[in-house]
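Participant: Structure supplied as model.tsv; contents: TSV, C-alpha atoms and all ligand atoms.
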```tsv
chain	number	residue	atom	x	y	z
A	1	MET	CA	88.61	98.83	60.63
A	2	PHE	CA	86.43	101.79	61.59
A	3	ALA	CA	85.90	102.18	65.36
A	4	VAL	CA	85.00	104.60	68.16
A	5	THR	CA	87.64	104.56	70.89
A	6	ALA	CA	88.37	106.07	74.29
A	7	ALA	CA	91.82	107.55	73.61
A	8	ARG	CA	92.18	109.70	76.75
A	9	ILE	CA	90.52	110.02	80.14
A	10	ASP	CA	88.90	113.34	81.03
A	11	ALA	CA	86.75	113.29	84.17
A	12	GLU	CA	85.27	116.75	83.52
A	13	ASP	CA	84.82	116.66	79.74
A	14	PRO	CA	84.42	112.97	78.84
A	15	LEU	CA	83.78	113.53	75.12
A	16	ALA	CA	87.20	115.22	74.77
A	17	GLY	CA	88.81	111.76	74.96
A	18	LEU	CA	86.65	110.20	72.22
A	19	GLU	CA	88.26	109.33	68.87
A	20	VAL	CA	86.57	108.10	65.68
A	21	GLY	CA	88.68	106.46	62.97
A	22	GLU	CA	90.90	103.50	62.12
A	23	HIS	CA	91.67	100.85	64.74
A	24	ALA	CA	93.50	97.49	64.53
A	25	GLU	CA	91.43	94.45	63.47
A	26	PRO	CA	90.49	92.07	66.33
A	27	ALA	CA	92.82	89.11	66.88
A	28	PRO	CA	90.67	86.50	68.69
A	29	PRO	CA	92.63	84.15	71.00
A	30	ASP	CA	91.79	80.41	71.33
A	31	GLY	CA	88.12	79.88	72.18
A	32	TRP	CA	87.17	83.34	70.89
A	33	THR	CA	85.61	84.34	67.60
A	34	THR	CA	84.97	87.52	65.61
A	35	VAL	CA	81.49	89.00	65.26
A	36	THR	CA	80.61	91.39	62.43
A	37	VAL	CA	78.72	94.13	64.27
A	38	LYS	CA	75.42	95.25	62.71
A	39	ALA	CA	74.17	97.34	65.63
A	40	ALA	CA	75.56	98.51	68.98
A	41	ALA	CA	73.89	100.28	71.90
A	42	LEU	CA	75.17	103.06	74.17
A	43	ASN	CA	75.25	102.76	77.93
A	44	HIS	CA	76.21	105.09	80.74
A	45	HIS	CA	79.17	102.71	81.10
A	46	ASP	CA	80.72	104.32	77.99
A	47	VAL	CA	80.58	107.72	79.71
A	48	TRP	CA	82.10	106.26	82.90
A	49	THR	CA	84.97	104.82	80.81
A	50	LEU	CA	85.69	108.22	79.21
A	51	ARG	CA	85.65	109.76	82.71
A	52	GLY	CA	88.17	107.13	83.91
A	53	VAL	CA	85.78	105.24	86.22
A	54	GLY	CA	86.52	101.48	86.23
A	55	ILE	CA	89.48	101.77	83.83
A	56	SER	CA	93.06	103.01	84.03
A	57	ALA	CA	94.89	105.09	81.42
A	58	ASP	CA	97.31	102.24	80.58
A	59	ARG	CA	94.41	100.32	78.93
A	60	LEU	CA	93.86	103.09	76.36
A	61	PRO	CA	93.16	103.41	73.51
A	62	ILE	CA	90.29	100.92	73.78
A	63	VAL	CA	87.21	100.50	71.59
A	64	LEU	CA	84.12	101.61	73.55
A	65	GLY	CA	80.81	99.73	73.74
A	66	CYS	CA	79.43	96.81	75.75
A	67	ASP	CA	76.49	95.87	73.55
A	68	ALA	CA	76.24	94.41	70.06
A	69	ALA	CA	74.19	92.26	67.75
A	70	GLY	CA	75.59	91.02	64.48
A	71	LEU	CA	76.75	88.02	62.47
A	72	ASP	CA	79.03	85.24	63.69
A	73	ALA	CA	81.77	83.73	61.51
A	74	ASP	CA	79.19	81.41	59.86
A	75	GLY	CA	76.76	84.23	59.12
A	76	ASN	CA	74.32	83.36	61.96
A	77	GLU	CA	72.53	86.30	63.63
A	78	VAL	CA	73.74	86.62	67.23
A	79	VAL	CA	73.49	88.78	70.35
A	80	VAL	CA	76.78	89.29	72.19
A	81	HIS	CA	76.90	88.70	75.98
A	82	ALA	CA	79.07	91.50	77.38
A	83	VAL	CA	80.41	89.84	80.56
A	84	ILE	CA	83.86	88.33	80.01
A	85	SER	CA	84.85	85.72	82.61
A	86	GLU	CA	87.91	83.48	82.58
A	87	ASN	CA	85.94	81.06	84.77
A	88	PRO	CA	82.45	80.95	83.24
A	89	ALA	CA	81.27	77.67	84.85
A	90	GLY	CA	79.16	79.25	87.61
A	91	ASP	CA	77.52	82.69	87.80
A	92	GLU	CA	80.01	84.80	85.87
A	93	THR	CA	78.68	88.04	87.42
A	94	MET	CA	80.11	86.77	90.75
A	95	ASP	CA	83.60	86.19	89.25
A	96	PRO	CA	85.79	88.86	90.90
A	97	ALA	CA	88.03	88.83	87.79
A	98	ARG	CA	85.16	89.41	85.34
A	99	SER	CA	85.18	92.38	82.99
A	100	LEU	CA	82.77	93.89	80.49
A	101	LEU	CA	83.63	94.37	76.85
A	102	SER	CA	85.49	97.70	76.55
A	103	GLU	CA	87.09	97.39	80.01
A	104	ARG	CA	89.93	94.95	79.29
A	105	TYR	CA	89.13	93.87	75.75
A	106	ASP	CA	88.03	96.06	72.84
A	107	GLY	CA	84.29	96.79	72.78
A	108	THR	CA	81.52	96.86	70.23
A	109	PHE	CA	81.61	100.35	68.65
A	110	ALA	CA	83.48	98.94	65.65
A	111	GLU	CA	82.93	97.00	62.47
A	112	ARG	CA	84.13	93.82	64.18
A	113	VAL	CA	84.58	92.63	67.79
A	114	ALA	CA	86.33	89.56	69.25
A	115	VAL	CA	84.38	87.67	71.95
A	116	PRO	CA	84.51	84.27	73.68
A	117	ARG	CA	82.49	81.77	71.61
A	118	ARG	CA	80.25	80.93	74.58
A	119	ASN	CA	79.20	84.60	74.78
A	120	LEU	CA	77.13	84.29	71.59
A	121	VAL	CA	73.37	83.90	72.00
A	122	PRO	CA	71.19	83.26	68.91
A	123	LYS	CA	69.20	86.32	67.83
A	124	PRO	CA	65.57	85.56	66.94
A	125	ALA	CA	64.41	86.89	63.57
A	126	GLY	CA	61.59	88.80	65.30
A	127	LEU	CA	64.06	91.19	66.96
A	128	SER	CA	65.85	93.74	64.78
A	129	PHE	CA	69.62	94.07	65.19
A	130	ALA	CA	69.11	97.44	66.93
A	131	GLU	CA	66.53	95.96	69.36
A	132	ALA	CA	68.77	92.95	70.05
A	133	ALA	CA	71.76	95.25	70.71
A	134	CYS	CA	69.82	96.85	73.61
A	135	LEU	CA	69.52	93.57	75.51
A	136	PRO	CA	73.00	92.61	76.82
A	137	THR	CA	73.51	95.48	79.32
A	138	ALA	CA	70.45	97.62	80.18
A	139	TYR	CA	67.76	94.98	79.59
A	140	LEU	CA	69.79	92.15	81.11
A	141	THR	CA	70.48	94.30	84.18
A	142	ALA	CA	66.74	95.06	84.48
A	143	TYR	CA	65.87	91.36	83.99
A	144	ARG	CA	68.18	90.22	86.79
A	145	MET	CA	67.03	93.03	89.12
A	146	LEU	CA	63.36	92.11	88.67
A	147	PHE	CA	63.43	88.35	88.32
A	148	THR	CA	66.57	87.14	90.15
A	149	ARG	CA	67.31	89.71	92.85
A	150	ALA	CA	64.01	91.36	93.86
A	151	GLY	CA	62.40	88.33	95.56
A	152	ILE	CA	58.88	89.41	94.55
A	153	ALA	CA	56.06	87.70	92.68
A	154	PRO	CA	53.75	88.95	89.90
A	155	GLY	CA	51.13	91.29	91.32
A	156	ALA	CA	53.69	93.00	93.59
A	157	THR	CA	54.11	96.79	93.40
A	158	VAL	CA	57.52	97.94	92.17
A	159	LEU	CA	58.78	101.53	92.18
A	160	VAL	CA	61.24	102.45	89.40
A	161	GLN	CA	63.26	105.61	90.12
A	162	GLY	CA	64.31	107.90	87.21
A	163	ALA	CA	61.91	106.90	84.45
A	164	GLY	CA	63.91	107.94	81.38
A	165	GLY	CA	67.13	105.90	81.68
A	166	GLY	CA	67.87	102.83	79.58
A	167	VAL	CA	67.64	100.48	82.58
A	168	ALA	CA	64.56	102.29	83.94
A	169	THR	CA	62.59	101.97	80.69
A	170	ALA	CA	63.63	98.30	80.53
A	171	LEU	CA	62.34	97.82	84.10
A	172	ILE	CA	58.98	99.34	83.13
A	173	LEU	CA	58.57	97.18	80.02
A	174	LEU	CA	59.77	93.89	81.54
A	175	GLY	CA	58.03	94.45	84.89
A	176	ARG	CA	54.75	95.29	83.23
A	177	ALA	CA	54.94	92.25	80.93
A	178	ALA	CA	55.58	90.01	83.97
A	179	GLY	CA	52.46	91.23	85.79
A	180	TYR	CA	53.98	93.63	88.32
A	181	ARG	CA	52.23	96.89	89.22
A	182	VAL	CA	54.89	99.36	88.08
A	183	TRP	CA	55.11	102.85	89.58
A	184	VAL	CA	57.75	105.31	88.38
A	185	THR	CA	59.28	108.64	89.37
A	186	SER	CA	60.87	111.27	87.17
A	187	ARG	CA	61.91	114.88	87.51
A	188	SER	CA	60.30	115.59	84.15
A	189	GLU	CA	56.56	115.72	83.50
A	190	GLU	CA	57.14	114.73	79.88
A	191	LYS	CA	59.05	111.59	80.94
A	192	ARG	CA	56.32	110.73	83.47
A	193	ASN	CA	53.73	110.89	80.69
A	194	ARG	CA	55.86	108.79	78.40
A	195	ALA	CA	56.37	106.21	81.16
A	196	LEU	CA	52.58	105.91	81.50
A	197	THR	CA	52.29	105.37	77.74
A	198	LEU	CA	54.91	102.66	78.06
A	199	GLY	CA	52.79	100.77	80.59
A	200	ALA	CA	53.64	102.20	84.01
A	201	ASP	CA	50.53	102.21	86.23
A	202	GLN	CA	51.29	105.50	87.98
A	203	ALA	CA	54.00	108.16	87.64
A	204	PHE	CA	55.08	110.59	90.38
A	205	PRO	CA	57.45	113.57	90.55
A	206	SER	CA	60.83	112.54	92.05
A	207	GLY	CA	60.56	112.45	95.85
A	208	ALA	CA	56.72	112.68	95.92
A	209	ARG	CA	54.69	111.01	98.67
A	210	LEU	CA	53.22	107.75	97.31
A	211	PRO	CA	49.61	106.61	97.89
A	212	GLU	CA	50.91	103.48	99.61
A	213	ARG	CA	54.23	101.77	100.30
A	214	VAL	CA	55.69	99.38	97.72
A	215	ASP	CA	57.14	95.86	97.83
A	216	ALA	CA	60.38	96.70	96.04
A	217	VAL	CA	62.26	99.71	94.64
A	218	MET	CA	64.48	99.49	91.57
A	219	GLU	CA	67.33	101.99	91.96
A	220	THR	CA	69.77	103.25	89.33
A	221	VAL	CA	69.75	106.95	90.25
A	222	GLY	CA	71.53	106.61	93.62
A	223	GLU	CA	72.13	109.54	95.95
A	224	ALA	CA	69.41	111.83	94.55
A	225	THR	CA	66.58	109.33	95.12
A	226	TRP	CA	67.93	107.11	97.92
A	227	ALA	CA	66.10	108.71	100.86
A	228	HIS	CA	62.83	108.45	98.92
A	229	SER	CA	63.51	104.81	98.06
A	230	MET	CA	64.02	103.98	101.74
A	231	ARG	CA	60.79	105.78	102.73
A	232	ALA	CA	58.82	104.12	99.90
A	233	LEU	CA	59.23	100.53	101.15
A	234	LYS	CA	56.73	98.43	103.10
A	235	PRO	CA	58.13	96.67	106.19
A	236	GLY	CA	60.26	93.80	104.88
A	237	GLY	CA	60.61	95.49	101.47
A	238	ARG	CA	63.69	95.46	99.30
A	239	ILE	CA	65.72	97.97	97.30
A	240	VAL	CA	67.54	96.43	94.34
A	241	ILE	CA	70.32	98.75	93.17
A	242	SER	CA	72.43	98.47	90.02
A	243	GLY	CA	73.62	102.05	89.48
A	244	ALA	CA	74.22	105.41	91.10
A	245	THR	CA	74.24	108.02	88.32
A	246	SER	CA	73.72	110.94	90.74
A	247	GLY	CA	76.30	109.84	93.36
A	248	SER	CA	76.98	106.84	95.58
A	249	VAL	CA	77.24	108.07	99.18
A	250	PRO	CA	73.71	108.92	100.41
A	251	PRO	CA	72.81	108.76	104.13
A	252	ALA	CA	72.07	105.10	104.87
A	253	ASP	CA	69.08	105.66	107.26
A	254	LEU	CA	70.15	102.66	109.35
A	255	SER	CA	67.35	102.99	111.92
A	256	ARG	CA	64.70	102.60	109.23
A	257	LEU	CA	66.67	99.73	107.69
A	258	PHE	CA	66.63	97.57	110.84
A	259	PHE	CA	63.36	98.74	112.37
A	260	LEU	CA	61.34	97.98	109.21
A	261	GLN	CA	63.55	94.96	108.41
A	262	LEU	CA	64.33	96.28	104.94
A	263	SER	CA	66.88	94.75	102.54
A	264	VAL	CA	69.25	96.40	100.13
A	265	VAL	CA	70.48	94.11	97.37
A	266	GLY	CA	73.09	94.91	94.74
A	267	SER	CA	72.72	93.65	91.18
A	268	THR	CA	75.13	93.72	88.27
A	269	MET	CA	74.53	92.70	84.66
A	270	GLY	CA	73.41	89.06	84.35
A	271	THR	CA	74.64	85.66	83.22
A	272	ARG	CA	74.73	84.30	79.69
A	273	ASP	CA	71.83	81.98	80.63
A	274	GLU	CA	69.80	84.95	81.89
A	275	LEU	CA	70.50	86.73	78.58
A	276	ALA	CA	69.20	83.67	76.69
A	277	ARG	CA	66.05	83.69	78.89
A	278	LEU	CA	65.62	87.44	78.34
A	279	VAL	CA	65.72	86.89	74.57
A	280	GLN	CA	63.07	84.19	75.00
A	281	PHE	CA	61.03	86.49	77.29
A	282	CYS	CA	60.95	89.12	74.51
A	283	GLN	CA	59.86	86.43	72.05
A	284	GLN	CA	57.08	85.14	74.33
A	285	THR	CA	55.67	88.47	75.51
A	286	GLY	CA	56.25	90.62	72.43
A	287	VAL	CA	58.25	93.14	74.52
A	288	ARG	CA	60.65	95.13	72.34
A	289	PRO	CA	63.34	97.46	73.70
A	290	LEU	CA	62.46	101.14	73.55
A	291	ILE	CA	64.89	103.00	71.28
A	292	ASP	CA	65.11	106.78	71.66
A	293	ARG	CA	67.21	107.25	68.51
A	294	THR	CA	69.49	105.38	66.11
A	295	LEU	CA	72.67	107.07	64.83
A	296	PRO	CA	75.44	106.07	62.44
A	297	LEU	CA	78.53	104.71	64.26
A	298	ALA	CA	80.49	107.84	63.33
A	299	GLN	CA	78.01	109.96	65.34
A	300	ALA	CA	78.44	108.09	68.64
A	301	ALA	CA	79.50	111.38	70.29
A	302	ASP	CA	76.05	112.89	69.68
A	303	GLY	CA	74.38	109.95	71.41
A	304	LEU	CA	76.78	110.12	74.37
A	305	ALA	CA	76.16	113.88	74.68
A	306	ALA	CA	72.40	113.25	74.83
A	307	MET	CA	72.98	110.62	77.52
A	308	ILE	CA	75.15	112.98	79.58
A	309	SER	CA	72.52	115.74	79.39
A	310	GLY	CA	69.80	113.27	80.49
A	311	GLU	CA	67.48	114.18	77.61
A	312	LEU	CA	66.91	110.57	76.54
A	313	PHE	CA	63.91	108.31	76.92
A	314	GLY	CA	65.10	104.79	76.15
A	315	LYS	CA	68.20	103.54	74.38
A	316	VAL	CA	70.51	105.06	71.78
A	317	THR	CA	71.63	102.54	69.17
A	318	LEU	CA	74.38	102.79	66.56
A	319	GLU	CA	74.14	101.41	63.03
A	320	VAL	CA	77.38	99.86	61.89
B	1	LIG	N1	75.37	97.35	87.49
B	1	LIG	C1	75.15	97.15	86.20
B	1	LIG	O1	75.33	96.07	85.69
B	1	LIG	C2	74.63	98.29	85.38
B	1	LIG	C3	74.13	98.04	84.11
B	1	LIG	C4	73.58	99.10	83.39
B	1	LIG	C5	73.60	100.37	83.96
B	1	LIG	N2	74.16	100.57	85.18
B	1	LIG	C6	74.18	101.91	85.80
B	1	LIG	O2	72.83	102.30	86.04
B	1	LIG	C7	72.73	103.71	85.93
B	1	LIG	C8	71.59	104.03	84.97
B	1	LIG	O3	72.04	103.93	83.66
B	1	LIG	P1	71.11	104.25	82.45
B	1	LIG	O4	71.97	104.25	81.25
B	1	LIG	O5	69.92	103.39	82.51
B	1	LIG	O6	70.51	105.70	82.70
B	1	LIG	P2	71.11	107.17	83.01
B	1	LIG	O7	71.32	107.89	81.74
B	1	LIG	O8	72.27	107.07	83.91
B	1	LIG	O9	69.86	107.85	83.75
B	1	LIG	C9	69.06	107.26	84.70
B	1	LIG	C10	68.05	108.25	85.24
B	1	LIG	O10	68.60	108.86	86.38
B	1	LIG	C11	67.85	110.00	86.65
B	1	LIG	N3	68.79	110.99	87.18
B	1	LIG	C12	70.01	111.25	86.73
B	1	LIG	N4	70.59	112.22	87.48
B	1	LIG	C13	69.69	112.53	88.43
B	1	LIG	C14	69.68	113.46	89.50
B	1	LIG	N5	70.74	114.22	89.77
B	1	LIG	N6	68.57	113.53	90.27
B	1	LIG	C15	67.50	112.75	90.02
B	1	LIG	N7	67.47	111.85	89.01
B	1	LIG	C16	68.55	111.76	88.23
B	1	LIG	C17	67.17	110.44	85.38
B	1	LIG	O11	65.80	110.27	85.53
B	1	LIG	P3	64.73	111.43	85.35
B	1	LIG	O12	65.30	112.45	84.41
B	1	LIG	O13	63.54	110.71	84.81
B	1	LIG	O14	64.45	111.98	86.70
B	1	LIG	C18	67.69	109.44	84.36
B	1	LIG	O15	66.70	109.10	83.43
B	1	LIG	C19	74.10	104.23	85.47
B	1	LIG	O16	74.78	104.73	86.60
B	1	LIG	C20	74.77	102.99	84.92
B	1	LIG	O17	76.18	103.04	85.02
B	1	LIG	C21	74.66	99.54	85.89
```
Please re-express this file's structure in structure tokens.
Facilitator:
Amino acid sequence: MFAVTAARIDAEDPLAGLEVGEHAEPAPPDGWTTVTVKAAALNHHDVWTLRGVGISADRLPIVLGCDAAGLDADGNEVVVHAVISENPAGDETMDPARSLLSERYDGTFAERVAVPRRNLVPKPAGLSFAEAACLPTAYLTAYRMLFTRAGIAPGATVLVQGAGGGVATALILLGRAAGYRVWVTSRSEEKRNRALTLGADQAFPSGARLPERVDAVMETVGEATWAHSMRALKPGGRIVISGATSGSVPPADLSRLFFLQLSVVGSTMGTRDELARLVQFCQQTGVRPLIDRTLPLAQAADGLAAMISGELFGKVTLEV
């Protein structure tokens, strides 16, 4: 079958290790099934894989891609949950042996992908395949950050750092639909304006002084915005962090942390049940994932290049 694979690791030039062409058909083990992929979505995770972060060379070649929507073996429209756990009874994001599609098992940038049967969630007709393909990683991560990990209630003020990213745009859309007051930062004036169009209440240049302190900060940028996130919080406020695109070792500012009784909470992906609730949330509220561009599968490299350069606003999806 046709697939986009990580064939080699190159930390400096990640796209050098990308290959597009024939790959072996999936061979689903017991309890797994094959999904015919109709749409996939790119994530920064695919770039990390090509750079060798979270994967070792002995796993290569591996099909890239965490996210997909498509048809199950009976022709039903499905969304694929990307978290693979051998012990899925509890919260599978807490399973230390969990992996994401494309880490241990082939991913979704292919005509077909093998997944555990329980990882299939019905896709509502009101969501296109491309929209549905955006949900399992970026939107699920945003959902869990806002509704499971942040400990805030509707009406609270939430600051989203780095307005253009896939998770950041998801945080704006989901947070707004849930009744939060959503403030955003971005280095780019154009992205700040687009964030306002998307429903953010106010947009500030990265690092700018805010009119008042916020209840919670949603972090995916990391080192570049961390000091600002710490300064932005009210006493007792909380940073929820799920990514560190710009680096992961900022100064911790421990005095501020204890004196203002702040919390820092990590968040990763979400459970299958949270994905099912996210799908329902989109149905109920009319929220639809923001897609920056859709490319044919064979042009995955162009989408990854746009992601690396940071020129995106929303998700890149692939048509299969
Ligand atoms: N833990 C999980 O389960 C999980 C799930 C999904 C994603 N992630 C992680 O979350 C992060 C975000 O991923 P993403 O795909 O949404 O977006 P992304 O492409 O990594 O970009 C996020 C935003 O970061 C800002 N940014 C990047 N470099 C910066 C710098 N040097 N200084 C200031 N701002 C900078 C940019 O905002 P502006 O240009 O607007 O300033 C950009 O829009 C990634 O690291 C990803 O691996 C984690």
Participant: Quick check, in Å to one decimal: how far apart do CA of Ala132 (chain A) and CA of Ala69 (chain A) lie?
Facilitator: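 So the answer is 5.9 Å.
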Participant: CA of Asp30 (chain A) to CA of Asp106 (chain A): how many Å, to one decimal?
Facilitator: 16.2 Å
Participant: What are the closest atom pairs, with distances in Å to one decimal, for each residue of region 64-107 of chain A lying within 12 Å of region 141-159 of chain A, using all atoms listed in the file, rows by chain and rising residue number, as a Markdown table?
Facilitator:
```
| residue | atom | partner | partner_atom | distance |
| --- | --- | --- | --- | --- |
| A:His81 | CA | A:Thr141 | CA | 11.8 |
| A:Ala82 | CA | A:Thr141 | CA | 11.3 |
| A:Val83 | CA | A:Thr141 | CA | 11.5 |
| A:Thr93 | CA | A:Arg144 | CA | 10.7 |
```
Participant: Put those residues in a file: C-alpha atoms, as a PDB file, in the frame of the given file.
Facilitator:
```pdb
ATOM      1  CA  HIS A  81      76.900  88.700  75.980  1.00  0.00           C
ATOM      2  CA  ALA A  82      79.070  91.500  77.380  1.00  0.00           C
ATOM      3  CA  VAL A  83      80.410  89.840  80.560  1.00  0.00           C
ATOM      4  CA  THR A  93      78.680  88.040  87.420  1.00  0.00           C
TER       5      THR A  93
END
```
Participant: Between CA of Thr271 (chain A) and CA of Val79 (chain A), measure the distance and give it in Å to one decimal.
Facilitator: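 Computing it gives 13.3 Å between the two atoms.
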Participant: Which one is closest to ligand LIG 1 (chain B): A:Leu312, A:Ala178, A:Val167, A:Leu196? Count only C-alpha atoms and all ligand atoms.
Facilitator: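 Of A:Leu312, A:Ala178, A:Val167, A:Leu196, the one nearest ligand LIG 1 (chain B), counting only C-alpha atoms and all ligand atoms, is A:Val167.
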Participant: Give me the residues within 7 Å of Arg51 (chain A) as a ChimeraX atom specification, counting all atoms listed in the file and dropping any in the same chain fewer than 2 places off.
Facilitator: /A:9-11,14,47-49,53
Participant: For a cutoff of 12 Å around the file-coordinate point (57.8, 95.6, 81.1), which residues qualify once you count all atoms listed in the file? I'd like the result as a VMD selection string.
Facilitator: chain A and resid 139 142 to 143 146 to 147 154 158 160 167 to 183 195 to 201 278 281 to 282 285 to 290
Participant: Mind dumping the selected residues with C-alpha atoms as a compact mmCIF listing (two decimals), in the frame of the given file?
Facilitator:
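As written to disk, result.txt reads:
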```txt
# COMPACT_ATOMS: atom_id res chain seq x y z
CA TYR A 139 67.76 94.98 79.59
CA ALA A 142 66.74 95.06 84.48
CA TYR A 143 65.87 91.36 83.99
CA LEU A 146 63.36 92.11 88.67
CA PHE A 147 63.43 88.35 88.32
CA PRO A 154 53.75 88.95 89.90
CA VAL A 158 57.52 97.94 92.17
CA VAL A 160 61.24 102.45 89.40
CA VAL A 167 67.64 100.48 82.58
CA ALA A 168 64.56 102.29 83.94
CA THR A 169 62.59 101.97 80.69
CA ALA A 170 63.63 98.30 80.53
CA LEU A 171 62.34 97.82 84.10
CA ILE A 172 58.98 99.34 83.13
CA LEU A 173 58.57 97.18 80.02
CA LEU A 174 59.77 93.89 81.54
CA GLY A 175 58.03 94.45 84.89
CA ARG A 176 54.75 95.29 83.23
CA ALA A 177 54.94 92.25 80.93
CA ALA A 178 55.58 90.01 83.97
CA GLY A 179 52.46 91.23 85.79
CA TYR A 180 53.98 93.63 88.32
CA ARG A 181 52.23 96.89 89.22
CA VAL A 182 54.89 99.36 88.08
CA TRP A 183 55.11 102.85 89.58
CA ALA A 195 56.37 106.21 81.16
CA LEU A 196 52.58 105.91 81.50
CA THR A 197 52.29 105.37 77.74
CA LEU A 198 54.91 102.66 78.06
CA GLY A 199 52.79 100.77 80.59
CA ALA A 200 53.64 102.20 84.01
CA ASP A 201 50.53 102.21 86.23
CA LEU A 278 65.62 87.44 78.34
CA PHE A 281 61.03 86.49 77.29
CA CYS A 282 60.95 89.12 74.51
CA THR A 285 55.67 88.47 75.51
CA GLY A 286 56.25 90.62 72.43
CA VAL A 287 58.25 93.14 74.52
CA ARG A 288 60.65 95.13 72.34
CA PRO A 289 63.34 97.46 73.70
CA LEU A 290 62.46 101.14 73.55
```
Participant: A:Val113, A:Cys66, A:Val214, A:Val35: which is nearest ligand LIG 1 (chain B), counting only C-alpha atoms and all ligand atoms?
Facilitator: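 So, comparing all the options, the nearest one is A:Cys66.
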Participant: Find the spatial neighbours of Arg117 (chain A), counting all atoms listed in the file, within a cut-off of 10 Å - ignore same-chain residues fewer than 4 positions away - and output them as a list in words.
Facilitator: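 Everything that qualifies: Pro28, Asp30, Gly31, Trp32, Thr33, Thr34, Val35, Asp72, Val80, His81 and Val121 of chain A.
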Participant: Determine the nearest neighbour of ligand LIG 1 (chain B) from the options A:Ala89, A:Ala39, A:Leu140, A:Ala110, counting all atoms listed in the file.
Facilitator: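 Nearest candidate to ligand LIG 1 (chain B) out of A:Ala89, A:Ala39, A:Leu140, A:Ala110: A:Leu140.
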Participant: Using only C-alpha atoms and all ligand atoms, which of the listed residues (A:Ile239, A:Leu304, A:Ala40, A:Leu120) sits closest to ligand LIG 1 (chain B)?
Facilitator: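 Comparing A:Ile239, A:Leu304, A:Ala40, A:Leu120 against ligand LIG 1 (chain B), the winner is A:Leu304.
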Participant: Taking the point (70.7, 108.8, 80.7) as given in the file, collect each protein or nucleic acid residue that comes within 8 Å of it, counting only C-alpha atoms, and present the set as a PDB file with C-alpha atoms, in the frame of the given file.
Facilitator:
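Output below, filename out19.pdb:
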```pdb
ATOM      1  CA  HIS A  44      76.210 105.090  80.740  1.00  0.00           C
ATOM      2  CA  GLY A 164      63.910 107.940  81.380  1.00  0.00           C
ATOM      3  CA  GLY A 165      67.130 105.900  81.680  1.00  0.00           C
ATOM      4  CA  GLY A 166      67.870 102.830  79.580  1.00  0.00           C
ATOM      5  CA  ALA A 306      72.400 113.250  74.830  1.00  0.00           C
ATOM      6  CA  MET A 307      72.980 110.620  77.520  1.00  0.00           C
ATOM      7  CA  ILE A 308      75.150 112.980  79.580  1.00  0.00           C
ATOM      8  CA  SER A 309      72.520 115.740  79.390  1.00  0.00           C
ATOM      9  CA  GLY A 310      69.800 113.270  80.490  1.00  0.00           C
ATOM     10  CA  GLU A 311      67.480 114.180  77.610  1.00  0.00           C
ATOM     11  CA  LEU A 312      66.910 110.570  76.540  1.00  0.00           C
ATOM     12  CA  PHE A 313      63.910 108.310  76.920  1.00  0.00           C
TER      13      PHE A 313
END
```
Participant: Which of these, A:Glu212, A:Asp13, A:Glu223, A:Asp91, has the shortest distance to ligand LIG 1 (chain B) once you count all atoms listed in the file?
Facilitator: A:Glu223
Participant: From the list A:Ser248, A:Gln284, A:Ser229, A:Thr220, which residue is nearest ligand LIG 1 (chain B) when using all atoms listed in the file?
Facilitator: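 Between A:Ser248, A:Gln284, A:Ser229, A:Thr220, the residue approaching ligand LIG 1 (chain B) most closely is A:Thr220.
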Participant: Using all atoms listed in the file, which protein or nucleic acid residues come within 12 Å of Asp46 (chain A)? Drop anything in the same chain fewer than 5 positions from it, and give the result as a PyMOL selection string.
Facilitator: chain A and resi 4-6+9+14-15+17-18+40-41+51-55+62-67+100-103+107-109+137+300-301+303-305+307-308+316
Participant: Which residues are near Trp226 (chain A)? Cut-off 9 Å, only C-alpha atoms, ignore same chain within fewer than 6 positions. Put them as JSON, numbers by chain.
Facilitator: {"A": [219, 250, 251, 252]}
Participant: Extract, using all atoms listed in the file, all DNA, RNA and protein residues at most 6 Å from region 240-246 of chain A, discarding same-chain residues fewer than 4 positions from it, and format them as a PDB file with C-alpha atoms, in the coordinates of the input.
Facilitator:
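The resulting file, out37.pdb, is reproduced below:
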```pdb
ATOM      1  CA  MET A 218      64.480  99.490  91.570  1.00  0.00           C
ATOM      2  CA  GLU A 219      67.330 101.990  91.960  1.00  0.00           C
ATOM      3  CA  THR A 220      69.770 103.250  89.330  1.00  0.00           C
ATOM      4  CA  VAL A 221      69.750 106.950  90.250  1.00  0.00           C
ATOM      5  CA  GLY A 222      71.530 106.610  93.620  1.00  0.00           C
ATOM      6  CA  GLU A 223      72.130 109.540  95.950  1.00  0.00           C
ATOM      7  CA  ALA A 224      69.410 111.830  94.550  1.00  0.00           C
ATOM      8  CA  VAL A 265      70.480  94.110  97.370  1.00  0.00           C
ATOM      9  CA  GLY A 266      73.090  94.910  94.740  1.00  0.00           C
ATOM     10  CA  SER A 267      72.720  93.650  91.180  1.00  0.00           C
ATOM     11  CA  THR A 268      75.130  93.720  88.270  1.00  0.00           C
TER      12      THR A 268
END
```
